[in-house]
$ cat run.pdb   # PDB, C-alpha atoms
ATOM      1  CA  MET W 209     -37.147  60.928  45.672
ATOM      2  CA  THR W 210     -33.996  58.849  45.533
ATOM      3  CA  GLU W 211     -32.310  57.951  42.270
ATOM      4  CA  PRO W 212     -33.783  54.662  40.979
ATOM      5  CA  ARG W 213     -31.455  51.690  40.809
ATOM      6  CA  ARG W 214     -30.856  50.117  37.373
ATOM      7  CA  LEU W 215     -33.268  47.313  38.124
ATOM      8  CA  VAL W 216     -36.438  45.893  36.619
ATOM      9  CA  VAL W 217     -39.478  44.860  38.622
ATOM     10  CA  ALA W 218     -41.276  42.173  36.601
ATOM     11  CA  VAL W 219     -44.798  40.972  37.370
ATOM     12  CA  ASP W 220     -46.864  38.130  35.943
ATOM     13  CA  GLY W 221     -50.303  38.315  37.528
ATOM     14  CA  GLY W 222     -52.445  35.313  36.659
ATOM     15  CA  ASN W 223     -55.832  34.025  37.714
ATOM     16  CA  SER W 224     -54.435  31.464  40.133
ATOM     17  CA  LYS W 225     -50.973  32.787  41.061
ATOM     18  CA  THR W 226     -48.739  35.834  40.771
ATOM     19  CA  ASP W 227     -44.965  35.888  40.268
ATOM     20  CA  VAL W 228     -42.615  38.822  40.841
ATOM     21  CA  LEU W 229     -38.934  39.093  39.940
ATOM     22  CA  VAL W 230     -36.371  41.776  40.667
ATOM     23  CA  VAL W 231     -33.733  41.668  37.928
ATOM     24  CA  ASP W 232     -30.639  43.806  37.416
ATOM     25  CA  ALA W 233     -29.371  45.183  34.100
ATOM     26  CA  GLU W 234     -27.041  42.183  33.711
ATOM     27  CA  GLY W 235     -30.006  39.804  33.726
ATOM     28  CA  THR W 236     -29.372  38.454  37.225
ATOM     29  CA  VAL W 237     -32.426  37.600  39.311
ATOM     30  CA  LEU W 238     -31.830  39.272  42.654
ATOM     31  CA  GLY W 239     -35.117  38.461  44.351
ATOM     32  CA  SER W 240     -38.471  36.833  43.758
ATOM     33  CA  ALA W 241     -41.874  36.347  45.343
ATOM     34  CA  ARG W 242     -44.972  34.318  44.610
ATOM     35  CA  GLY W 243     -48.507  34.910  45.807
ATOM     36  CA  PRO W 244     -52.174  34.364  44.971
ATOM     37  CA  GLY W 245     -53.894  35.260  41.743
ATOM     38  CA  ALA W 246     -54.168  39.002  41.215
ATOM     39  CA  SER W 247     -56.248  39.438  38.080
ATOM     40  CA  PRO W 248     -58.020  42.795  38.450
ATOM     41  CA  GLN W 249     -60.912  41.334  36.490
ATOM     42  CA  ASN W 250     -61.469  38.724  39.195
ATOM     43  CA  ILE W 251     -60.700  40.557  42.441
ATOM     44  CA  GLY W 252     -60.955  44.234  41.564
ATOM     45  CA  VAL W 253     -58.302  46.810  40.734
ATOM     46  CA  GLN W 254     -57.450  47.951  44.246
ATOM     47  CA  SER W 255     -57.214  44.435  45.654
ATOM     48  CA  SER W 256     -54.978  43.491  42.748
ATOM     49  CA  VAL W 257     -52.682  46.460  43.287
ATOM     50  CA  ASP W 258     -52.484  45.772  47.022
ATOM     51  CA  ILE W 259     -51.465  42.138  46.443
ATOM     52  CA  LEU W 260     -48.822  43.206  43.923
ATOM     53  CA  ASP W 261     -47.415  45.860  46.221
ATOM     54  CA  GLY W 262     -46.930  43.335  49.011
ATOM     55  CA  LEU W 263     -45.235  40.860  46.671
ATOM     56  CA  VAL W 264     -42.906  43.499  45.217
ATOM     57  CA  VAL W 265     -41.836  44.511  48.721
ATOM     58  CA  ASP W 266     -41.268  40.820  49.529
ATOM     59  CA  ALA W 267     -39.135  40.416  46.395
ATOM     60  CA  MET W 268     -37.052  43.467  47.310
ATOM     61  CA  GLU W 269     -36.503  42.050  50.782
ATOM     62  CA  ALA W 270     -35.519  38.688  49.281
ATOM     63  CA  ALA W 271     -32.977  40.558  47.156
ATOM     64  CA  GLY W 272     -31.532  42.163  50.281
ATOM     65  CA  LEU W 273     -32.287  45.610  48.887
ATOM     66  CA  PRO W 274     -33.706  48.565  50.799
ATOM     67  CA  ALA W 275     -37.422  49.048  50.277
ATOM     68  CA  SER W 276     -37.127  52.747  49.482
ATOM     69  CA  ARG W 277     -39.198  53.927  46.532
ATOM     70  CA  PRO W 278     -38.602  54.043  43.659
ATOM     71  CA  PHE W 279     -37.191  50.516  43.742
ATOM     72  CA  ALA W 280     -36.164  50.321  40.096
ATOM     73  CA  MET W 281     -35.817  52.054  36.747
ATOM     74  CA  HIS W 282     -38.737  50.204  35.199
ATOM     75  CA  THR W 283     -41.713  48.024  36.061
ATOM     76  CA  SER W 284     -43.154  45.519  33.584
ATOM     77  CA  ALA W 285     -46.506  44.223  34.800
ATOM     78  CA  TYR W 286     -48.451  41.754  32.685
ATOM     79  CA  MET W 287     -51.801  40.733  34.065
ATOM     80  CA  ALA W 288     -54.634  38.362  33.313
ATOM     81  CA  GLY W 289     -57.846  40.319  32.875
ATOM     82  CA  LEU W 290     -56.446  43.328  31.029
ATOM     83  CA  ASP W 291     -58.399  42.706  27.842
ATOM     84  CA  PHE W 292     -59.484  46.204  26.792
ATOM     85  CA  PRO W 293     -57.759  49.613  26.631
ATOM     86  CA  ARG W 294     -60.194  50.962  29.224
ATOM     87  CA  GLU W 295     -59.078  48.306  31.717
ATOM     88  CA  GLU W 296     -55.427  49.038  31.000
ATOM     89  CA  GLU W 297     -55.920  52.763  31.581
ATOM     90  CA  ILE W 298     -57.620  52.216  34.936
ATOM     91  CA  PHE W 299     -55.045  49.687  36.090
ATOM     92  CA  PHE W 300     -52.115  51.803  34.915
ATOM     93  CA  ALA W 301     -53.383  54.794  36.905
ATOM     94  CA  ALA W 302     -53.816  52.719  40.073
ATOM     95  CA  LEU W 303     -50.468  50.931  39.811
ATOM     96  CA  SER W 304     -48.577  54.141  39.034
ATOM     97  CA  LYS W 305     -49.462  55.455  42.481
ATOM     98  CA  LYS W 306     -47.282  52.786  44.108
ATOM     99  CA  GLY W 307     -44.143  54.462  42.768
ATOM    100  CA  TRP W 308     -42.087  51.310  42.231
ATOM    101  CA  ALA W 309     -40.135  52.733  39.282
ATOM    102  CA  GLU W 310     -39.678  55.802  37.148
ATOM    103  CA  SER W 311     -41.450  54.089  34.224
ATOM    104  CA  LEU W 312     -44.241  51.529  33.996
ATOM    105  CA  GLU W 313     -45.480  49.274  31.232
ATOM    106  CA  ILE W 314     -48.515  47.012  31.551
ATOM    107  CA  GLY W 315     -50.340  44.571  29.313
ATOM    108  CA  ASN W 316     -52.162  41.274  29.119
ATOM    109  CA  ASP W 317     -50.259  38.336  30.583
ATOM    110  CA  THR W 318     -50.336  36.512  27.250
ATOM    111  CA  LEU W 319     -47.827  39.063  25.946
ATOM    112  CA  ALA W 320     -45.393  38.055  28.689
ATOM    113  CA  LEU W 321     -45.725  34.434  27.600
ATOM    114  CA  LEU W 322     -44.945  35.461  24.021
ATOM    115  CA  ARG W 323     -41.821  37.362  25.045
ATOM    116  CA  ALA W 324     -40.738  34.512  27.318
ATOM    117  CA  GLY W 325     -40.813  32.017  24.480
ATOM    118  CA  THR W 326     -39.445  34.049  21.580
ATOM    119  CA  SER W 327     -36.085  35.565  20.786
ATOM    120  CA  ASP W 328     -37.507  38.910  19.674
ATOM    121  CA  GLY W 329     -41.169  38.978  20.747
ATOM    122  CA  VAL W 330     -42.474  38.310  17.225
ATOM    123  CA  GLY W 331     -44.891  35.418  16.826
ATOM    124  CA  VAL W 332     -47.964  33.978  18.501
ATOM    125  CA  ALA W 333     -48.565  32.828  22.066
ATOM    126  CA  VAL W 334     -51.417  30.658  23.291
ATOM    127  CA  VAL W 335     -51.990  30.317  27.011
ATOM    128  CA  CYS W 336     -54.304  27.748  28.537
ATOM    129  CA  GLY W 337     -54.621  27.716  32.281
ATOM    130  CA  ALA W 338     -57.984  28.201  33.965
ATOM    131  CA  GLY W 339     -58.979  30.128  30.840
ATOM    132  CA  ILE W 340     -57.657  30.354  27.314
ATOM    133  CA  ASN W 341     -56.284  33.243  25.285
ATOM    134  CA  ALA W 342     -53.887  34.025  22.437
ATOM    135  CA  VAL W 343     -51.976  37.035  21.150
ATOM    136  CA  GLY W 344     -49.509  37.786  18.382
ATOM    137  CA  ILE W 345     -47.003  40.501  17.491
ATOM    138  CA  GLY W 346     -46.018  41.069  13.866
ATOM    139  CA  ARG W 347     -42.748  42.200  12.329
ATOM    140  CA  ASN W 348     -44.066  45.770  12.250
ATOM    141  CA  GLY W 349     -44.967  45.699  15.945
ATOM    142  CA  ARG W 350     -48.689  45.350  15.324
ATOM    143  CA  VAL W 351     -50.531  43.345  17.977
ATOM    144  CA  HIS W 352     -53.545  41.121  17.470
ATOM    145  CA  GLY W 353     -55.359  39.097  20.098
ATOM    146  CA  PHE W 354     -58.719  38.280  21.598
ATOM    147  CA  PRO W 355     -60.579  39.346  24.725
ATOM    148  CA  ALA W 356     -60.755  36.445  27.149
ATOM    149  CA  LEU W 357     -64.124  36.769  28.848
ATOM    150  CA  GLY W 358     -65.498  33.279  28.408
ATOM    151  CA  LYS W 359     -68.466  32.429  26.242
ATOM    152  CA  SER W 360     -69.426  36.089  25.823
ATOM    153  CA  SER W 361     -66.223  36.644  23.833
ATOM    154  CA  GLY W 362     -66.364  33.329  21.975
ATOM    155  CA  ASP W 363     -63.900  31.422  24.166
ATOM    156  CA  TRP W 364     -63.826  27.654  24.582
ATOM    157  CA  GLY W 365     -61.173  25.327  25.897
ATOM    158  CA  GLY W 366     -59.752  26.764  29.104
ATOM    159  CA  GLY W 367     -58.975  24.434  31.988
ATOM    160  CA  LEU W 368     -62.256  25.139  33.732
ATOM    161  CA  GLY W 369     -64.188  24.660  30.506
ATOM    162  CA  LEU W 370     -62.477  21.348  29.819
ATOM    163  CA  GLY W 371     -63.242  20.213  33.361
ATOM    164  CA  GLU W 372     -66.893  21.106  32.842
ATOM    165  CA  GLU W 373     -66.891  19.054  29.643
ATOM    166  CA  VAL W 374     -65.588  16.044  31.580
ATOM    167  CA  LEU W 375     -68.343  16.441  34.167
ATOM    168  CA  TRP W 376     -71.037  16.972  31.482
ATOM    169  CA  TRP W 377     -70.155  13.816  29.572
ATOM    170  CA  ALA W 378     -69.712  11.787  32.771
ATOM    171  CA  ALA W 379     -73.113  12.900  34.114
ATOM    172  CA  ARG W 380     -74.863  11.957  30.886
ATOM    173  CA  ALA W 381     -73.114   8.607  30.762
ATOM    174  CA  GLU W 382     -74.305   7.904  34.296
ATOM    175  CA  ASP W 383     -77.984   8.837  33.806
ATOM    176  CA  GLY W 384     -78.386   7.366  30.310
ATOM    177  CA  ARG W 385     -78.723  10.579  28.281
ATOM    178  CA  GLY W 386     -75.332  10.094  26.677
ATOM    179  CA  PRO W 387     -72.966   7.370  25.518
ATOM    180  CA  SER W 388     -70.787   5.348  27.838
ATOM    181  CA  THR W 389     -67.383   6.875  28.505
ATOM    182  CA  ALA W 390     -64.417   6.031  30.695
ATOM    183  CA  LEU W 391     -64.537   9.642  31.897
ATOM    184  CA  ARG W 392     -67.285   8.634  34.322
ATOM    185  CA  ALA W 393     -65.215   6.078  36.219
ATOM    186  CA  ALA W 394     -62.149   8.320  36.116
ATOM    187  CA  LEU W 395     -64.072  11.250  37.582
ATOM    188  CA  ILE W 396     -65.543   9.097  40.352
ATOM    189  CA  GLU W 397     -62.084   7.848  41.238
ATOM    190  CA  HIS W 398     -60.625  11.375  41.125
ATOM    191  CA  PHE W 399     -63.119  12.773  43.636
ATOM    192  CA  ALA W 400     -63.322   9.536  45.674
ATOM    193  CA  VAL W 401     -67.127   9.466  45.485
ATOM    194  CA  GLU W 402     -69.782   6.847  44.725
ATOM    195  CA  SER W 403     -71.330   8.584  41.713
ATOM    196  CA  VAL W 404     -71.086  11.547  39.368
ATOM    197  CA  ALA W 405     -74.370  12.788  40.848
ATOM    198  CA  GLU W 406     -72.588  13.235  44.176
ATOM    199  CA  VAL W 407     -70.066  15.584  42.542
ATOM    200  CA  THR W 408     -72.908  17.547  40.951
ATOM    201  CA  GLN W 409     -74.656  17.945  44.309
ATOM    202  CA  ARG W 410     -71.485  19.009  46.090
ATOM    203  CA  LEU W 411     -70.871  21.659  43.450
ATOM    204  CA  HIS W 412     -74.483  22.835  43.720
ATOM    205  CA  PHE W 413     -74.296  23.233  47.493
ATOM    206  CA  GLU W 414     -70.862  24.891  47.211
ATOM    207  CA  GLU W 415     -69.219  22.091  49.162
ATOM    208  CA  LEU W 416     -66.887  21.711  46.213
ATOM    209  CA  SER W 417     -65.326  24.666  44.419
ATOM    210  CA  ARG W 418     -66.008  25.088  40.724
ATOM    211  CA  TYR W 419     -62.265  25.648  40.323
ATOM    212  CA  SER W 420     -61.682  22.055  41.393
ATOM    213  CA  LEU W 421     -62.895  21.051  37.917
ATOM    214  CA  HIS W 422     -59.677  22.482  36.495
ATOM    215  CA  ALA W 423     -57.852  19.522  38.036
ATOM    216  CA  LEU W 424     -59.775  17.181  35.709
ATOM    217  CA  CYS W 425     -57.669  18.212  32.701
ATOM    218  CA  PRO W 426     -54.891  15.628  33.193
ATOM    219  CA  LEU W 427     -57.625  13.007  33.607
ATOM    220  CA  LEU W 428     -59.205  14.062  30.301
ATOM    221  CA  PHE W 429     -55.959  13.760  28.344
ATOM    222  CA  ARG W 430     -55.079  10.458  30.005
ATOM    223  CA  VAL W 431     -58.449   8.893  29.176
ATOM    224  CA  ALA W 432     -58.234  10.199  25.611
ATOM    225  CA  ALA W 433     -54.757   8.720  25.159
ATOM    226  CA  ALA W 434     -56.141   5.361  26.317
ATOM    227  CA  GLY W 435     -58.595   5.392  23.417
ATOM    228  CA  ASP W 436     -61.901   6.631  24.866
ATOM    229  CA  GLU W 437     -63.893   8.123  21.965
ATOM    230  CA  ILE W 438     -65.704  10.801  23.979
ATOM    231  CA  ALA W 439     -62.495  12.029  25.603
ATOM    232  CA  GLN W 440     -60.797  12.030  22.210
ATOM    233  CA  GLU W 441     -63.639  14.124  20.804
ATOM    234  CA  VAL W 442     -63.167  16.748  23.527
ATOM    235  CA  VAL W 443     -59.383  16.799  23.068
ATOM    236  CA  GLY W 444     -59.855  17.049  19.309
ATOM    237  CA  ARG W 445     -62.024  20.114  19.728
ATOM    238  CA  PHE W 446     -59.426  21.583  22.087
ATOM    239  CA  VAL W 447     -56.681  21.115  19.497
ATOM    240  CA  GLU W 448     -58.899  22.639  16.821
ATOM    241  CA  GLU W 449     -59.652  25.675  18.987
ATOM    242  CA  ILE W 450     -55.981  26.384  19.606
ATOM    243  CA  SER W 451     -55.121  25.837  15.952
ATOM    244  CA  VAL W 452     -57.857  28.229  14.829
ATOM    245  CA  MET W 453     -56.636  30.980  17.162
ATOM    246  CA  ILE W 454     -53.092  30.567  15.882
ATOM    247  CA  ALA W 455     -54.221  30.591  12.241
ATOM    248  CA  VAL W 456     -56.367  33.713  12.647
ATOM    249  CA  ILE W 457     -53.531  35.656  14.282
ATOM    250  CA  LEU W 458     -50.952  34.522  11.736
ATOM    251  CA  ARG W 459     -53.194  35.704   8.901
ATOM    252  CA  LYS W 460     -54.099  38.989  10.590
ATOM    253  CA  LEU W 461     -50.427  39.814  11.162
ATOM    254  CA  GLU W 462     -49.349  38.576   7.715
ATOM    255  CA  LEU W 463     -46.967  36.016   9.190
ATOM    256  CA  THR W 464     -48.026  32.958   7.192
ATOM    257  CA  LYS W 465     -45.060  33.266   4.796
ATOM    258  CA  ASP W 466     -42.636  34.219   7.569
ATOM    259  CA  ASP W 467     -40.961  31.971  10.154
ATOM    260  CA  PRO W 468     -43.001  32.893  13.235
ATOM    261  CA  GLN W 469     -42.402  31.369  16.634
ATOM    262  CA  ILE W 470     -45.518  29.812  18.183
ATOM    263  CA  VAL W 471     -45.350  29.603  21.971
ATOM    264  CA  LEU W 472     -47.658  27.344  23.969
ATOM    265  CA  GLY W 473     -47.974  27.821  27.711
ATOM    266  CA  GLY W 474     -50.171  27.667  30.767
ATOM    267  CA  GLY W 475     -50.812  24.768  33.113
ATOM    268  CA  VAL W 476     -52.952  22.801  30.653
ATOM    269  CA  LEU W 477     -50.718  23.082  27.583
ATOM    270  CA  THR W 478     -47.503  22.434  29.482
ATOM    271  CA  GLY W 479     -49.035  19.248  30.866
ATOM    272  CA  VAL W 480     -50.336  17.549  27.704
ATOM    273  CA  ASP W 481     -48.537  14.697  25.981
ATOM    274  CA  ALA W 482     -46.355  15.101  22.907
ATOM    275  CA  GLN W 483     -49.061  13.867  20.536
ATOM    276  CA  VAL W 484     -51.317  16.816  21.337
ATOM    277  CA  ILE W 485     -48.501  19.294  20.705
ATOM    278  CA  ALA W 486     -47.577  17.456  17.492
ATOM    279  CA  GLU W 487     -51.131  17.776  16.191
ATOM    280  CA  ILE W 488     -51.199  21.512  16.948
ATOM    281  CA  GLU W 489     -47.890  21.799  15.114
ATOM    282  CA  ARG W 490     -49.177  19.820  12.121
ATOM    283  CA  ARG W 491     -52.184  22.085  11.729
ATOM    284  CA  THR W 492     -50.112  25.235  12.211
ATOM    285  CA  LEU W 493     -47.612  24.219   9.535
ATOM    286  CA  LYS W 494     -50.432  23.919   7.018
ATOM    287  CA  ILE W 495     -50.989  27.671   7.513
ATOM    288  CA  ALA W 496     -47.379  28.770   8.009
ATOM    289  CA  PRO W 497     -44.948  26.089   6.750
ATOM    290  CA  ARG W 498     -41.904  27.769   8.310
ATOM    291  CA  ALA W 499     -43.410  28.274  11.761
ATOM    292  CA  VAL W 500     -41.655  26.895  14.831
ATOM    293  CA  VAL W 501     -43.998  25.516  17.506
ATOM    294  CA  LYS W 502     -42.694  25.114  21.053
ATOM    295  CA  VAL W 503     -43.872  24.706  24.623
ATOM    296  CA  VAL W 504     -42.454  27.532  26.715
ATOM    297  CA  ASP W 505     -39.497  26.492  28.865
ATOM    298  CA  VAL W 506     -39.349  29.503  31.186
ATOM    299  CA  ALA W 507     -42.021  31.037  33.395
ATOM    300  CA  PRO W 508     -44.075  33.900  31.857
ATOM    301  CA  VAL W 509     -42.689  36.293  34.472
ATOM    302  CA  VAL W 510     -39.354  35.904  32.675
ATOM    303  CA  GLY W 511     -41.068  37.385  29.624
ATOM    304  CA  ALA W 512     -42.133  40.367  31.710
ATOM    305  CA  ALA W 513     -38.523  40.747  32.849
ATOM    306  CA  LEU W 514     -37.269  40.537  29.262
ATOM    307  CA  PHE W 515     -39.661  43.314  28.255
ATOM    308  CA  GLY W 516     -38.176  45.330  31.106
ATOM    309  CA  LEU W 517     -34.608  44.631  30.005
ATOM    310  CA  ASP W 518     -35.606  45.697  26.497
ATOM    311  CA  ARG W 519     -36.925  48.943  27.926
ATOM    312  CA  ILE W 520     -33.819  49.859  29.946
ATOM    313  CA  GLY W 521     -31.480  49.022  27.083
ATOM    314  CA  ALA W 522     -29.863  45.894  28.502
ATOM    315  CA  ASP W 523     -27.623  44.006  26.099
ATOM    316  CA  ASP W 524     -28.301  40.609  24.524
ATOM    317  CA  ALA W 525     -25.944  38.874  26.935
ATOM    318  CA  ALA W 526     -28.113  39.965  29.860
ATOM    319  CA  LYS W 527     -31.230  38.555  28.223
ATOM    320  CA  THR W 528     -29.512  35.309  27.296
ATOM    321  CA  GLY W 529     -28.210  34.961  30.832
ATOM    322  CA  LEU W 530     -31.653  35.533  32.304
ATOM    323  CA  ARG W 531     -33.164  32.849  30.069
ATOM    324  CA  ALA W 532     -30.411  30.354  30.916
ATOM    325  CA  ALA W 533     -30.720  30.951  34.646
ATOM    326  CA  THR W 534     -34.500  30.537  34.686
ATOM    327  CA  GLN W 535     -34.947  27.720  32.184
ATOM    328  CA  ARG W 536     -37.010  24.810  33.408
ATOM    329  CA  VAL W 537     -35.195  21.493  33.580
TER     330      VAL W 537
END
$ encode --input "run.pdb" --output "structure tokens"
Amino acid sequence: MTEPRRLVVAVDGGNSKTDVLVVDAEGTVLGSARGPGASPQNIGVQSSVDILDGLVVDAMEAAGLPASRPFAMHTSAYMAGLDFPREEEIFFAALSKKGWAESLEIGNDTLALLRAGTSDGVGVAVVCGAGINAVGIGRNGRVHGFPALGKSSGDWGGGLGLGEEVLWWAARAEDGRGPSTALRAALIEHFAVESVAEVTQRLHFEELSRYSLHALCPLLFRVAAAGDEIAQEVVGRFVEEISVMIAVILRKLELTKDDPQIVLGGGVLTGVDAQVIAEIERRTLKIAPRAVVKVVDVAPVVGAALFGLDRIGADDAAKTGLRAATQRV
């Protein structure tokens, strides 16, 4: 086995996409790759590992580095679907066999979001993409979060769930079981159909993917901002759900009297208007008056890379440089 280079392989494996970075000890991104979702919960452990292995090789090639294993000193892999220790153990064992680095650290992808948006990894992160989840790390290193398995674990408010709410209210408005709402017309326009019933049928016959409902989230927030009461009710519940998760974690980790950083991320939360974020902030400050609420401005994979730089003992300048180079405009 060759001596590993002083590099970090960073992985953010989500439900819909996967990002890989190869970063050196100075915080310079040498190579990157993006591919499909690789959550082991969705596609199975071996399929997940195989996708990651191909992307890591692609990232090494993009960096112009030889693909001889081990590639790096450390791998930080943060994945959607790692909700229980048993899942982490199984995934760790499978990923270790790929031999990318001399050390490996894995965890839920929400942790990568937290590290991406905080200076020291202490605080709370809420991610809302297709699903929804939250995690926090206290001053003593204690971690508190939730499993993200859908209704069976008490979840509500992910992108797919919000899309289903839009369809539910639109269907009832159309057939008379519910109140009138502008969501109906907006949904019909979005799918370029004659009726909500047509969307329902196409979903039933699998002519339309259930995941297409995720794309209704911007529509929901737009209709709510225009004053539709039903849409506002759904958005209000969404804000309440996020605020409750943040409050529970802050209390569990005894951060209510501290100055915790609250990081919001994922496709849904990064796409809402400022009023929604302001309301989440208002409710959070009632629990922790010194909290700082922010929408993440770097990709979660940067958080995975920062964890890796922490692990190999990189200095603060390297971490600052990595953040600056990857910050979204």
$ resolve_selection --input "run.pdb" --expression "the PyMOL selection byres ((chain W and resi 499-508) around 6)" --output "PyMOL selection string"
chain W and resi 320-321+324-325+467-473+489+496-498+509-511+535-536
$ resolve_selection --input "run.pdb" --expression "the PyMOL selection byres ((chain W and resi 245) around 7)" --output "mmCIF file with C-alpha atoms, keeping the file's coordinate frame"
data_model
loop_
_atom_site.group_PDB
_atom_site.id
_atom_site.type_symbol
_atom_site.label_atom_id
_atom_site.label_comp_id
_atom_site.auth_asym_id
_atom_site.auth_seq_id
_atom_site.Cartn_x
_atom_site.Cartn_y
_atom_site.Cartn_z
ATOM 1 C CA GLY W 221 -50.303 38.315 37.528
ATOM 2 C CA GLY W 222 -52.445 35.313 36.659
ATOM 3 C CA ASN W 223 -55.832 34.025 37.714
ATOM 4 C CA SER W 224 -54.435 31.464 40.133
ATOM 5 C CA LYS W 225 -50.973 32.787 41.061
ATOM 6 C CA THR W 226 -48.739 35.834 40.771
ATOM 7 C CA GLY W 243 -48.507 34.910 45.807
ATOM 8 C CA PRO W 244 -52.174 34.364 44.971
ATOM 9 C CA ALA W 246 -54.168 39.002 41.215
ATOM 10 C CA SER W 247 -56.248 39.438 38.080
#
$ residues_around --input "run.pdb" --residues "Gly367 in chain W" --least-positions-apart "6" --cutoff "7 Å" --atoms "all atoms listed in the file" --output "list in words"
Cys336, Gly337, Ala338, Gly339, His422, Cys425 and Val476 of chain W
$ residues_near_point --input "run.pdb" --point "(-41.2, 38.0, 19.1)" --cutoff "9 Å" --atoms "all atoms listed in the file" --output "list of chain:residue names"
W:Leu322, W:Arg323, W:Ala324, W:Gly325, W:Thr326, W:Ser327, W:Asp328, W:Gly329, W:Val330, W:Gly331, W:Val332, W:Gly344, W:Ile345, W:Gly346, W:Arg347, W:Pro468, W:Gln469
$ residues_near_point --input "run.pdb" --point "(-65.7, 14.0, 30.0)" --cutoff "12 Å" --atoms "all atoms listed in the file" --output "PDB file with C-alpha atoms, in the frame of the given file"
ATOM      1  CA  GLY W 369     -64.188  24.660  30.506  1.00  0.00           C
ATOM      2  CA  LEU W 370     -62.477  21.348  29.819  1.00  0.00           C
ATOM      3  CA  GLY W 371     -63.242  20.213  33.361  1.00  0.00           C
ATOM      4  CA  GLU W 372     -66.893  21.106  32.842  1.00  0.00           C
ATOM      5  CA  GLU W 373     -66.891  19.054  29.643  1.00  0.00           C
ATOM      6  CA  VAL W 374     -65.588  16.044  31.580  1.00  0.00           C
ATOM      7  CA  LEU W 375     -68.343  16.441  34.167  1.00  0.00           C
ATOM      8  CA  TRP W 376     -71.037  16.972  31.482  1.00  0.00           C
ATOM      9  CA  TRP W 377     -70.155  13.816  29.572  1.00  0.00           C
ATOM     10  CA  ALA W 378     -69.712  11.787  32.771  1.00  0.00           C
ATOM     11  CA  ALA W 379     -73.113  12.900  34.114  1.00  0.00           C
ATOM     12  CA  ARG W 380     -74.863  11.957  30.886  1.00  0.00           C
ATOM     13  CA  ALA W 381     -73.114   8.607  30.762  1.00  0.00           C
ATOM     14  CA  GLU W 382     -74.305   7.904  34.296  1.00  0.00           C
ATOM     15  CA  GLY W 386     -75.332  10.094  26.677  1.00  0.00           C
ATOM     16  CA  PRO W 387     -72.966   7.370  25.518  1.00  0.00           C
ATOM     17  CA  SER W 388     -70.787   5.348  27.838  1.00  0.00           C
ATOM     18  CA  THR W 389     -67.383   6.875  28.505  1.00  0.00           C
ATOM     19  CA  ALA W 390     -64.417   6.031  30.695  1.00  0.00           C
ATOM     20  CA  LEU W 391     -64.537   9.642  31.897  1.00  0.00           C
ATOM     21  CA  ARG W 392     -67.285   8.634  34.322  1.00  0.00           C
ATOM     22  CA  ALA W 393     -65.215   6.078  36.219  1.00  0.00           C
ATOM     23  CA  ALA W 394     -62.149   8.320  36.116  1.00  0.00           C
ATOM     24  CA  LEU W 395     -64.072  11.250  37.582  1.00  0.00           C
ATOM     25  CA  ILE W 396     -65.543   9.097  40.352  1.00  0.00           C
ATOM     26  CA  VAL W 404     -71.086  11.547  39.368  1.00  0.00           C
ATOM     27  CA  LEU W 421     -62.895  21.051  37.917  1.00  0.00           C
ATOM     28  CA  LEU W 424     -59.775  17.181  35.709  1.00  0.00           C
ATOM     29  CA  CYS W 425     -57.669  18.212  32.701  1.00  0.00           C
ATOM     30  CA  PRO W 426     -54.891  15.628  33.193  1.00  0.00           C
ATOM     31  CA  LEU W 427     -57.625  13.007  33.607  1.00  0.00           C
ATOM     32  CA  LEU W 428     -59.205  14.062  30.301  1.00  0.00           C
ATOM     33  CA  PHE W 429     -55.959  13.760  28.344  1.00  0.00           C
ATOM     34  CA  ARG W 430     -55.079  10.458  30.005  1.00  0.00           C
ATOM     35  CA  VAL W 431     -58.449   8.893  29.176  1.00  0.00           C
ATOM     36  CA  ALA W 432     -58.234  10.199  25.611  1.00  0.00           C
ATOM     37  CA  ASP W 436     -61.901   6.631  24.866  1.00  0.00           C
ATOM     38  CA  GLU W 437     -63.893   8.123  21.965  1.00  0.00           C
ATOM     39  CA  ILE W 438     -65.704  10.801  23.979  1.00  0.00           C
ATOM     40  CA  ALA W 439     -62.495  12.029  25.603  1.00  0.00           C
ATOM     41  CA  GLN W 440     -60.797  12.030  22.210  1.00  0.00           C
ATOM     42  CA  GLU W 441     -63.639  14.124  20.804  1.00  0.00           C
ATOM     43  CA  VAL W 442     -63.167  16.748  23.527  1.00  0.00           C
ATOM     44  CA  VAL W 443     -59.383  16.799  23.068  1.00  0.00           C
TER      45      VAL W 443
END
